[in-house]
Structure formats: C-alpha cells, structure tokens
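Raw final-v7.cif, mmCIF, C-alpha atoms and all ligand atoms:
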data_run
loop_
_atom_site.label_atom_id
_atom_site.label_comp_id
_atom_site.auth_asym_id
_atom_site.auth_seq_id
_atom_site.Cartn_x
_atom_site.Cartn_y
_atom_site.Cartn_z
CA MET A 27 97.86 97.35 70.07
CA ARG A 28 99.88 94.18 70.70
CA CYS A 29 101.27 92.69 73.93
CA ARG A 30 104.95 93.53 74.26
CA LYS A 31 105.73 90.02 75.48
CA CYS A 32 103.75 87.70 73.20
CA ARG A 33 102.35 89.92 70.40
CA GLN A 34 98.79 88.77 71.15
CA LYS A 35 96.10 91.42 71.39
CA ALA A 36 96.81 93.78 74.31
CA VAL A 37 94.06 94.48 76.87
CA ILE A 38 95.78 97.42 78.52
CA ASN A 39 98.19 100.11 77.48
CA MET A 40 100.07 101.87 80.28
CA ARG A 41 101.31 105.07 78.71
CA GLN A 42 103.42 106.00 81.73
CA HIS A 43 105.36 102.73 81.43
CA ARG A 44 105.12 102.60 77.60
CA LEU A 45 103.87 99.09 78.10
CA ALA A 46 100.95 97.24 76.49
CA LEU A 47 100.10 93.73 77.69
CA CYS A 48 97.67 90.92 77.01
CA ARG A 49 95.45 89.51 79.73
CA ASP A 50 97.81 86.82 81.01
CA HIS A 51 100.92 88.96 80.86
CA TYR A 52 99.15 91.84 82.57
CA VAL A 53 98.08 89.63 85.50
CA GLU A 54 101.62 88.28 85.73
CA TRP A 55 103.16 91.79 85.52
CA PHE A 56 100.79 93.11 88.21
CA GLN A 57 101.60 90.31 90.63
CA GLN A 58 105.34 90.63 90.01
CA GLN A 59 105.24 94.39 90.53
CA THR A 60 103.45 93.87 93.85
CA ALA A 61 106.10 91.34 94.89
CA ARG A 62 108.81 93.87 94.00
CA THR A 63 107.22 96.61 96.09
CA ILE A 64 106.86 94.23 99.05
CA LYS A 65 110.52 93.27 98.76
CA LYS A 66 111.85 96.80 98.20
CA TYR A 67 110.17 98.17 101.30
CA LYS A 68 110.56 94.98 103.36
CA MET A 69 106.83 94.97 103.94
CA ILE A 70 106.06 91.35 104.74
CA ARG A 71 108.30 88.46 105.71
CA ARG A 72 107.50 85.12 104.17
CA ASP A 73 106.60 83.55 107.52
CA GLU A 74 104.35 86.38 108.69
CA PRO A 75 100.56 86.21 108.58
CA VAL A 76 99.03 89.35 107.07
CA LEU A 77 95.73 90.94 107.89
CA VAL A 78 94.24 92.67 104.84
CA ALA A 79 91.74 95.45 105.56
CA VAL A 80 88.96 94.93 103.04
CA SER A 81 86.15 97.31 102.16
CA GLY A 82 84.57 95.43 99.25
CA GLY A 83 86.12 97.85 96.74
CA LYS A 84 88.49 96.87 93.93
CA ASP A 85 91.77 97.83 95.61
CA SER A 86 91.40 95.86 98.81
CA LEU A 87 89.95 92.74 97.13
CA ALA A 88 92.62 92.84 94.41
CA LEU A 89 95.27 93.14 97.12
CA TRP A 90 93.90 90.17 99.01
CA ASP A 91 93.87 88.17 95.77
CA VAL A 92 97.47 89.07 94.86
CA LEU A 93 98.79 88.27 98.34
CA LEU A 94 97.11 84.85 98.20
CA GLU A 95 98.49 84.29 94.70
CA LEU A 96 101.98 85.21 95.92
CA GLY A 97 101.63 82.56 98.61
CA TYR A 98 101.23 84.73 101.71
CA ARG A 99 99.01 83.66 104.57
CA ALA A 100 96.63 86.54 104.08
CA ASP A 101 93.38 86.84 106.02
CA GLY A 102 90.77 89.56 105.67
CA PHE A 103 89.36 92.03 108.13
CA TYR A 104 86.09 93.82 107.49
CA LEU A 105 84.57 96.48 109.68
CA ARG A 106 80.83 96.78 109.13
CA LEU A 107 80.21 100.50 109.37
CA GLY A 108 76.42 100.39 109.08
CA ILE A 109 76.26 102.97 106.28
CA ASP A 110 73.07 102.67 104.30
CA GLU A 111 72.11 106.08 102.91
CA GLY A 112 69.41 104.57 100.74
CA ILE A 113 71.79 102.45 98.67
CA GLY A 114 72.55 99.74 101.23
CA TYR A 115 76.25 100.63 100.97
CA SER A 116 77.54 98.49 103.84
CA ASP A 117 75.30 95.51 103.08
CA GLU A 118 76.32 95.50 99.42
CA SER A 119 80.01 95.79 100.30
CA TYR A 120 79.74 92.91 102.73
CA ALA A 121 78.00 90.78 100.11
CA LYS A 122 80.92 91.34 97.68
CA ILE A 123 83.44 90.35 100.33
CA LYS A 124 81.55 87.18 101.25
CA GLN A 125 81.41 86.28 97.58
CA PHE A 126 85.19 86.74 97.33
CA VAL A 127 85.70 84.48 100.37
CA ALA A 128 83.43 81.82 98.90
CA GLN A 129 85.51 81.85 95.70
CA HIS A 130 88.80 81.50 97.60
CA PRO A 131 88.54 78.30 99.61
CA GLY A 132 90.42 78.26 102.88
CA THR A 133 90.60 82.04 103.33
CA ARG A 134 89.60 83.51 106.62
CA LEU A 135 87.63 86.67 107.15
CA HIS A 136 87.31 88.42 110.51
CA VAL A 137 84.37 90.77 110.86
CA VAL A 138 83.53 93.41 113.44
CA ASP A 139 80.07 94.93 113.20
CA VAL A 140 80.25 98.39 114.79
CA LYS A 141 76.55 98.46 115.71
CA GLU A 142 76.51 94.96 117.16
CA THR A 143 79.69 95.52 119.11
CA TYR A 144 79.30 99.11 120.32
CA GLY A 145 75.56 99.72 119.89
CA GLU A 146 75.59 102.34 117.11
CA THR A 147 76.40 102.58 113.41
CA ILE A 148 79.03 105.06 112.24
CA PRO A 149 76.47 107.72 111.18
CA GLU A 150 74.70 107.28 114.55
CA VAL A 151 77.86 107.79 116.60
CA ALA A 152 78.80 110.81 114.48
CA ARG A 153 75.37 112.37 115.06
CA ARG A 154 75.55 111.76 118.81
CA VAL A 155 79.02 113.21 119.29
CA ARG A 156 78.42 115.96 116.69
CA ARG A 157 81.81 115.75 115.11
CA GLY A 158 82.67 116.46 111.48
CA ARG A 159 80.01 119.01 110.41
CA GLY A 160 77.39 116.54 109.22
CA LYS A 161 79.93 114.05 107.79
CA PRO A 162 80.86 110.97 109.77
CA CYS A 163 84.33 110.70 108.20
CA SER A 164 86.43 111.85 111.13
CA VAL A 165 84.62 109.50 113.52
CA CYS A 166 84.78 106.75 110.90
CA GLY A 167 88.54 107.19 110.43
CA LEU A 168 89.12 107.11 114.18
CA ILE A 169 87.04 103.94 114.63
CA LYS A 170 88.63 102.21 111.63
CA ARG A 171 92.17 102.90 112.84
CA HIS A 172 91.40 101.75 116.36
CA GLU A 173 89.61 98.58 115.32
CA MET A 174 92.24 97.59 112.75
CA ASN A 175 94.96 97.98 115.37
CA ARG A 176 92.93 96.14 117.98
CA VAL A 177 92.00 93.18 115.81
CA ALA A 178 95.53 92.77 114.41
CA TYR A 179 96.91 92.89 117.94
CA GLU A 180 94.37 90.56 119.54
CA LEU A 181 94.52 87.99 116.77
CA GLY A 182 98.32 88.14 116.54
CA TYR A 183 98.92 89.61 113.06
CA PRO A 184 102.24 91.46 112.86
CA VAL A 185 101.33 93.11 109.53
CA LEU A 186 98.29 95.05 108.42
CA ALA A 187 97.94 95.66 104.67
CA THR A 188 95.69 98.24 103.03
CA GLY A 189 94.83 98.69 99.36
CA HIS A 190 95.86 102.36 99.00
CA ASN A 191 96.89 102.96 95.41
CA LEU A 192 99.01 105.60 93.70
CA ASP A 193 96.03 107.89 93.14
CA ASP A 194 95.28 107.80 96.88
CA GLU A 195 98.89 108.36 97.91
CA ALA A 196 99.51 111.14 95.37
CA ALA A 197 96.31 112.95 96.45
CA VAL A 198 97.35 112.77 100.11
CA LEU A 199 100.85 113.94 99.22
CA PHE A 200 99.42 116.82 97.20
CA SER A 201 97.15 117.87 100.04
CA ASN A 202 99.94 117.61 102.61
CA THR A 203 102.23 119.66 100.38
CA LEU A 204 99.65 122.37 99.67
CA ASN A 205 99.20 122.77 103.40
CA TRP A 206 102.84 122.05 104.32
CA GLN A 207 101.80 119.46 106.84
CA VAL A 208 105.36 118.63 107.79
CA GLY A 209 104.47 115.95 110.31
CA TYR A 210 102.29 114.09 107.82
CA LEU A 211 104.89 114.46 105.07
CA ALA A 212 107.56 113.08 107.35
CA ARG A 213 105.45 110.03 108.11
CA GLN A 214 104.00 109.35 104.64
CA TYR A 215 105.68 106.22 103.34
CA PRO A 216 104.71 102.80 101.90
CA VAL A 217 105.50 101.13 105.22
CA LEU A 218 105.01 102.33 108.78
CA PRO A 219 106.91 100.36 111.38
CA GLY A 220 104.90 98.72 114.13
CA ARG A 221 105.33 99.90 117.66
CA GLU A 222 104.62 98.63 121.15
CA GLY A 223 103.12 95.40 119.97
CA PHE A 224 101.02 97.03 117.24
CA ALA A 225 101.17 95.85 113.66
CA ARG A 226 103.35 97.29 110.92
CA LYS A 227 101.23 98.99 108.25
CA VAL A 228 101.97 98.38 104.61
CA LYS A 229 100.61 99.61 101.26
CA PRO A 230 101.79 97.15 98.59
CA PHE A 231 99.71 98.89 95.85
CA CYS A 232 101.17 102.37 96.38
CA ARG A 233 102.80 102.37 92.92
CA PHE A 234 99.74 101.26 90.94
CA TYR A 235 97.38 103.68 89.23
CA GLU A 236 93.76 103.20 90.17
CA ARG A 237 92.94 102.04 86.65
CA GLU A 238 95.61 99.35 86.97
CA THR A 239 94.07 97.85 90.11
CA ALA A 240 90.62 98.08 88.48
CA ALA A 241 91.96 96.27 85.40
CA TYR A 242 93.50 93.56 87.58
CA ALA A 243 90.24 93.04 89.50
CA LEU A 244 88.30 92.85 86.25
CA LEU A 245 90.69 90.44 84.56
CA ARG A 246 90.75 88.18 87.60
CA GLY A 247 86.94 88.09 87.70
CA ILE A 248 86.74 89.78 91.10
CA ASP A 249 83.28 91.22 91.57
CA TYR A 250 83.68 94.36 93.65
CA MET A 251 81.63 97.25 94.97
CA TYR A 252 81.63 99.97 92.31
CA GLU A 253 79.95 102.61 94.42
CA GLU A 254 82.13 104.72 96.66
CA CYS A 255 80.93 105.40 100.18
CA PRO A 256 78.14 108.00 99.84
CA PHE A 257 79.90 110.22 102.36
CA SER A 258 83.00 110.50 100.16
CA VAL A 259 81.19 112.93 97.83
CA GLY A 260 82.78 116.35 98.04
CA ALA A 261 85.82 115.12 100.00
CA ASN A 262 89.00 117.13 99.45
CA THR A 263 90.93 114.07 98.35
CA ILE A 264 88.46 113.53 95.47
CA TYR A 265 89.02 117.11 94.33
CA TYR A 266 92.80 116.65 94.46
CA LYS A 267 92.49 113.38 92.55
CA GLU A 268 90.64 115.20 89.78
CA LEU A 269 93.30 117.89 89.62
CA LEU A 270 96.03 115.28 89.37
CA ASN A 271 94.06 113.43 86.68
CA THR A 272 93.96 116.62 84.62
CA LEU A 273 97.72 116.88 84.96
CA GLU A 274 98.14 113.22 84.09
CA ARG A 275 96.11 113.59 80.90
CA GLU A 276 98.50 116.28 79.71
CA ARG A 277 101.61 114.55 80.98
CA PRO A 278 101.34 110.79 81.27
CA GLY A 279 103.35 109.60 84.23
CA ALA A 280 103.15 112.90 86.15
CA LYS A 281 101.39 111.31 89.11
CA LEU A 282 103.84 108.46 89.39
CA HIS A 283 106.75 110.87 89.05
CA PHE A 284 105.35 113.16 91.76
CA TYR A 285 105.02 110.32 94.26
CA LEU A 286 108.18 108.39 93.41
CA SER A 287 110.33 111.56 93.43
CA PHE A 288 109.03 112.28 96.91
CA LEU A 289 109.98 108.78 98.08
CA ARG A 290 113.39 109.10 96.42
CA ALA A 291 114.02 112.47 98.07
CA LYS A 292 113.28 110.84 101.41
CA GLU A 293 115.41 107.77 100.74
CA LYS A 294 118.39 109.33 98.98
CA GLU A 295 118.46 112.94 100.14
CA GLY A 296 117.15 112.53 103.65
CA LEU A 297 114.12 114.77 103.09
CA PHE A 298 112.45 115.21 106.50
CA ALA A 299 114.95 112.80 108.04
CA ASP A 300 115.79 115.34 110.75
CA TRP A 301 112.19 115.94 111.60
CA GLU A 302 111.35 114.88 115.10
CA GLU A 303 107.93 114.08 116.41
CA PRO A 304 106.94 116.89 118.78
CA SER A 305 107.56 115.42 122.18
CA VAL A 306 104.07 114.46 123.17
CA GLU A 307 104.15 111.83 125.78
CA LEU A 308 102.38 108.68 124.75
CA HIS A 309 101.01 106.26 127.28
CA ALA A 310 98.71 103.28 127.14
CA CYS A 311 94.99 104.12 127.18
CA GLU A 312 93.74 103.00 130.58
CA ARG A 313 90.88 101.06 128.99
CA CYS A 314 92.12 99.55 125.74
CA GLY A 315 95.91 99.84 126.06
CA GLN A 316 96.52 101.52 122.68
CA PRO A 317 99.04 104.36 122.71
CA THR A 318 97.48 107.78 123.23
CA SER A 319 98.57 111.28 124.15
CA ALA A 320 95.28 112.07 125.86
CA PRO A 321 95.26 111.72 129.65
CA GLY A 322 93.42 108.58 130.77
CA ARG A 323 91.50 107.19 127.83
CA CYS A 324 92.17 107.38 124.10
CA ALA A 325 89.87 109.26 121.70
CA PHE A 326 88.19 106.01 120.65
CA CYS A 327 87.31 104.94 124.19
CA ARG A 328 86.02 108.44 124.96
CA LEU A 329 83.51 108.09 122.09
CA TRP A 330 81.34 105.56 123.90
CA PRO A 331 79.12 105.65 126.96
CA GLU A 332 80.51 103.80 129.96
CA ASP A 333 78.01 100.90 129.89
CA VAL A 334 78.93 100.03 126.29
CA LEU A 335 82.57 99.53 127.16
CA GLU A 336 81.71 97.50 130.25
CA GLN A 337 80.36 94.64 128.14
CA PRO A 338 82.14 91.35 128.67
CA HIS A 339 85.32 91.22 126.66
CA GLU A 340 84.13 88.29 124.50
CA SER A 341 81.53 90.48 122.84
CA PHE A 342 84.32 92.61 121.33
CA VAL A 343 85.99 89.63 119.70
CA PRO A 344 85.56 89.63 115.91
CA LEU A 345 83.38 87.06 114.30
CA THR A 346 85.51 84.81 112.14
CA LEU A 347 84.13 83.28 108.99
CA VAL A 348 86.05 80.41 107.52
CA GLU A 349 84.98 79.36 104.08
CA GLY A 350 85.90 76.35 102.01
CA ALA A 351 88.39 73.68 102.93
S1 LIG B 1 85.72 107.80 106.07
FE1 LIG B 1 83.89 108.79 105.29
FE2 LIG B 1 85.29 106.84 104.13
FE3 LIG B 1 84.05 106.33 106.42
S2 LIG B 1 82.27 107.60 106.18
FE4 LIG B 1 82.64 106.70 104.18
S3 LIG B 1 83.86 108.25 103.15
S4 LIG B 1 84.05 105.07 104.63
S5 LIG B 1 87.17 106.20 103.22
ZN ZN B 2 101.13 88.62 76.20
ZN ZN B 3 91.33 103.31 124.41
#
For the structure just supplied, provide its representation as structure tokens.
Amino acid sequence: MRCRKCRQKAVINMRQHRLALCRDHYVEWFQQQTARTIKKYKMIRRDEPVLVAVSGGKDSLALWDVLLELGYRADGFYLRLGIDEGIGYSDESYAKIKQFVAQHPGTRLHVVDVKETYGETIPEVARRVRRGRGKPCSVCGLIKRHEMNRVAYELGYPVLATGHNLDDEAAVLFSNTLNWQVGYLARQYPVLPGREGFARKVKPFCRFYERETAAYALLRGIDYMYEECPFSVGANTIYYKELLNTLERERPGAKLHFYLSFLRAKEKEGLFADWEEPSVELHACERCGQPTSAPGRCAFCRLWPEDVLEQPHESFVPLTLVEGA
C-alpha cells in the first residue's frame, strides 16, 4: 500500500475515507482535520486559552499535542481520582502525563488530587455514599464534571476541550437512540456553549475513529496509558462500541455515517431544534456557585461532609506544574 500523496510506503489505510498515507502525511492530515473540525464548529478562537482535560490515555494526550502543534495556548488539567485496583491505575496515568509535559517545554499542567483536596479517593467516596451499585462511575462523573467546570472558571479558561472520539460519540448516540433519550439527543453535539461564566465544551476529535487517534499518538511518539480504567469493564458504552465495531467490519464507514448523518439532520433539518429543556429552575449552588436545580447546594457539594468543605479556599486551588522554559 502506497501513500496517496507521495507514493512512499503507507503506514495507515483508512477504508472509510479510501485513503492510505505515509507517516508524515498522516500526521499532517490528522492535524489539518482537527483544525477543520475546530473551524467548522467554531470551537476555539485563536486568542482563547484552552484547558484540555487529560486522563493519560491516547485521545486526551493526542489532543493536547495537536492543539499545541496548531499553535493554541493549550494547558492541561488532570484530576487524580485515586483509583488503584491493584494496577496502580491513577499513578501510572499521572506518570504518563508528567512525561508528556516534560517532553513539551513550556506547557502547563494543573492538577487536582481528589483525596488531598476533599479527603477521599473516588472509590472511597462512592463506598461512603453507596451510589452506583458497587461501581464508582456515577460519583466519578459527577466529580469530574464539577471539578473541570470549577478549575476552568477559577483559572479563567473560556474553553474546555476533551478527547472524545468518534467511537465514544457514536456509542453514546447509539445508547441515547436505543433508549430515546430525547433530552440527551437534543444536547449531543461537538460543541456545547458556555453559560453563566462557565466554559464552552468542545470535542475536536469527534470525527476521528479510535484507531486514528491511536495511530497519531504512536506516530508522534506519545507514550500513553494503554489500560482503561478498571471500573470501565462491563460498561454499557463498551458493549455498544463492540456492536458498532461489528457493523463497521461489515460496512466500513458505518460508524462515521451514523454520527455525521445525525449531526447533519440537526444542522440542516432542524432535528430536535424545537425541543425545549423542561423548565427546571436553575440557581447558583449556595456553596460553590455552579448552576443547579437542587434547592440549596448542588449534588457535588452534597457529597461531602461539612468540615471538608469548610477548609480554607486556598486548599481547593489546583497545583500547577510548569515544565521546561
Ligand atoms: S467514570 Fe468509571 Fe470512568 Fe471514573 S471510575 Fe473509571 S470508568 S474513570 S470514564
Ligand atoms: Zn506520503
Ligand atoms: Zn455546589
């Protein structure tokens, strides 16, 4: 197989695009495609600093790399979850991120350690509040969302970028469609506008297959965490991903078509455009100020005992690592 652009040996063949490329042309193509997605959905303005939520996995580190390569002021945010489960998951992930920072002089990484800041790791909080039938994922999702919003707001980032890829987005779309989750379908989009001072959320990799982001990370020499979080085993989204992969094997491009047709139906045919959020009244949480429908405090602030939240404010400020020049 030869590269379509230079006829050198191709390193990747993308059947859905009928495109084979060599190493250099693949890296170039990948970065240009990301730039196109950012432009199409007006994700990030040139003068805006971006906070990239990094987990240590291939997608988020590849995204950080591409944004830096495209010349954005992109800083990282890492939430230390304290998940060990015998494989040192969080420690390993953190080590990969620190290695990435060391290899990219001048990049900034902000870190919040959940245990150090709030007194418990994610599995510990989940056990105490007994949510999620033995899995900490619902508590984890709640804490991640809250802390990403908080850190972006407090450090003044108008944009928050996550590494969700096409496989992630198609699996969520599939799940939302199977269950006709109209509210979720109405909101699912590559960019979510910011509100009340909170950052806009963008997914610049939403059109890339997982194997494409993995290939990019590999070709750029990014050493990432291969293991998934141990709690992801058995998750519905993994099952839906497998189903979609079966479909994709039979019909190359099916996944991309499924997701892009959904976006097109929204953009061109006004799918779900008339949908209105049920009129729940949002107000600012009386402790943290984030919008919530619950009376008084938001779900995040209700997770913690009173004395934890009474710590001096400085102890909630993320630790910032600056590496290189
Ligand atoms: S929610 Fe659940 Fe993930 Fe948190 S506990 Fe792990 S699998 S990391 S995306
Ligand atoms: Zn080439
Ligand atoms: Zn709150």
- [ ] Compute the set of protein, DNA and RNA residues whose minimum atom distance to ligand ZN 2 (chain B) is at most 9 Å, using only C-alpha atoms and all ligand atoms, and state it as an MDAnalysis selection string.
- [x] chainID A and resid 28:36 46:52
May I ask you to write as a tab-separated table (two decimals) with C-alpha atoms, in the frame of the given file all residues lying at most 8 Å from ligand LIG 1 (chain B), with only C-alpha atoms and all ligand atoms counted?
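Everything below was put into pocket-v4.tsv:
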chain	number	residue	atom	x	y	z
A	107	LEU	CA	80.21	100.50	109.37
A	109	ILE	CA	76.26	102.97	106.28
A	148	ILE	CA	79.03	105.06	112.24
A	149	PRO	CA	76.47	107.72	111.18
A	161	LYS	CA	79.93	114.05	107.79
A	162	PRO	CA	80.86	110.97	109.77
A	163	CYS	CA	84.33	110.70	108.20
A	164	SER	CA	86.43	111.85	111.13
A	165	VAL	CA	84.62	109.50	113.52
A	166	CYS	CA	84.78	106.75	110.90
A	167	GLY	CA	88.54	107.19	110.43
A	254	GLU	CA	82.13	104.72	96.66
A	255	CYS	CA	80.93	105.40	100.18
A	256	PRO	CA	78.14	108.00	99.84
A	257	PHE	CA	79.90	110.22	102.36
A	258	SER	CA	83.00	110.50	100.16
A	259	VAL	CA	81.19	112.93	97.83
A	261	ALA	CA	85.82	115.12	100.00
- [ ] Set the cut-off to 7 Å, count only C-alpha atoms and all ligand atoms, and list whatever residues fall near ligand ZN 3 (chain B) as a ChimeraX atom specification.
- [x] /A:311-316,323-327
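Closest approach to A:Val80 among A:Arg275, A:Lys124, A:Arg159, A:Arg44: A:Lys124, based on all atoms listed in the file.
Taking all atoms listed in the file into account, A:Leu77 lies nearest to A:Leu186 out of the set A:Val343, A:Ala121, A:Leu186, A:Leu93.
Our summary of the geometry notes that atom CA of A:Glu302 is positioned 11.9 Å from atom CA of A:Leu211.
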TODO: Just give me the gap between atom CA of A:Asn202 and atom CA of A:Tyr265 in Å, one decimal is fine.
DONE: 13.7 Å
Residues within 9 Å of (92.2, 100.6, 98.1), file coords, all atoms listed in the file, listed as a short mmCIF file (atom, residue, chain, number, x, y, z; two decimals) with C-alpha atoms, in the coordinates of the input:
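selection-v1.cif, written as the output of this step:
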data_model
loop_
_atom_site.label_atom_id
_atom_site.label_comp_id
_atom_site.auth_asym_id
_atom_site.auth_seq_id
_atom_site.Cartn_x
_atom_site.Cartn_y
_atom_site.Cartn_z
CA VAL A 80 88.96 94.93 103.04
CA SER A 81 86.15 97.31 102.16
CA GLY A 83 86.12 97.85 96.74
CA LYS A 84 88.49 96.87 93.93
CA ASP A 85 91.77 97.83 95.61
CA SER A 86 91.40 95.86 98.81
CA LEU A 87 89.95 92.74 97.13
CA ALA A 88 92.62 92.84 94.41
CA LEU A 89 95.27 93.14 97.12
CA THR A 188 95.69 98.24 103.03
CA GLY A 189 94.83 98.69 99.36
CA HIS A 190 95.86 102.36 99.00
CA ASN A 191 96.89 102.96 95.41
CA ASP A 194 95.28 107.80 96.88
CA PHE A 231 99.71 98.89 95.85
CA GLU A 236 93.76 103.20 90.17
CA THR A 239 94.07 97.85 90.11
#
Open item on the list: Which residues are near A:Lys68? Cut-off 12 Å, only C-alpha atoms, ignore same chain within fewer than 4 positions. Put them as a PyMOL selection string.
Closed with: chain A and resi 60-64+72+74+185+216-219+226-230
Task: Using all atoms listed in the file: which of A:Leu244, A:Val208, A:Leu289, A:Ala225 has the shortest distance to A:Glu180 - done: A:Ala225
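When all atoms listed in the file are used to compute distances to A:Leu308, the closest of the residues A:His339, A:Glu222, A:Glu195, A:Tyr252 turns out to be A:Glu222.
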TODO: Tell me which of A:Phe342, A:Tyr235, A:Phe56, A:Tyr215 sits closest to A:His283, counting all atoms listed in the file.
DONE: A:Tyr235
- [ ] Record the distance separating atom CA of A:Ser305 and atom CA of A:Ser319, expressed in Å with one decimal.
- [x] 10.1 Å
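Here the question is which of A:Arg134, A:Phe224, A:Gly108, A:Ala243 gets nearest to A:Arg171 using all atoms listed in the file, and that residue is A:Phe224.
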Task: Spatial sel., origin (85.3, 89.8, 94.2), limit 6 Å, only C-alpha atoms, listed as an MDAnalysis selection string - done: chainID A and resid 122 126 248:250
Quick one: axis-aligned box around all listed atoms of stretch 43-51 of chain A, 5 Å on every side, centre and edge lengths in Å to one decimal, written as AutoDock Vina command-line options.
--center_x 100.4 --center_y 94.8 --center_z 79.0 --size_x 19.9 --size_y 25.9 --size_z 14.9
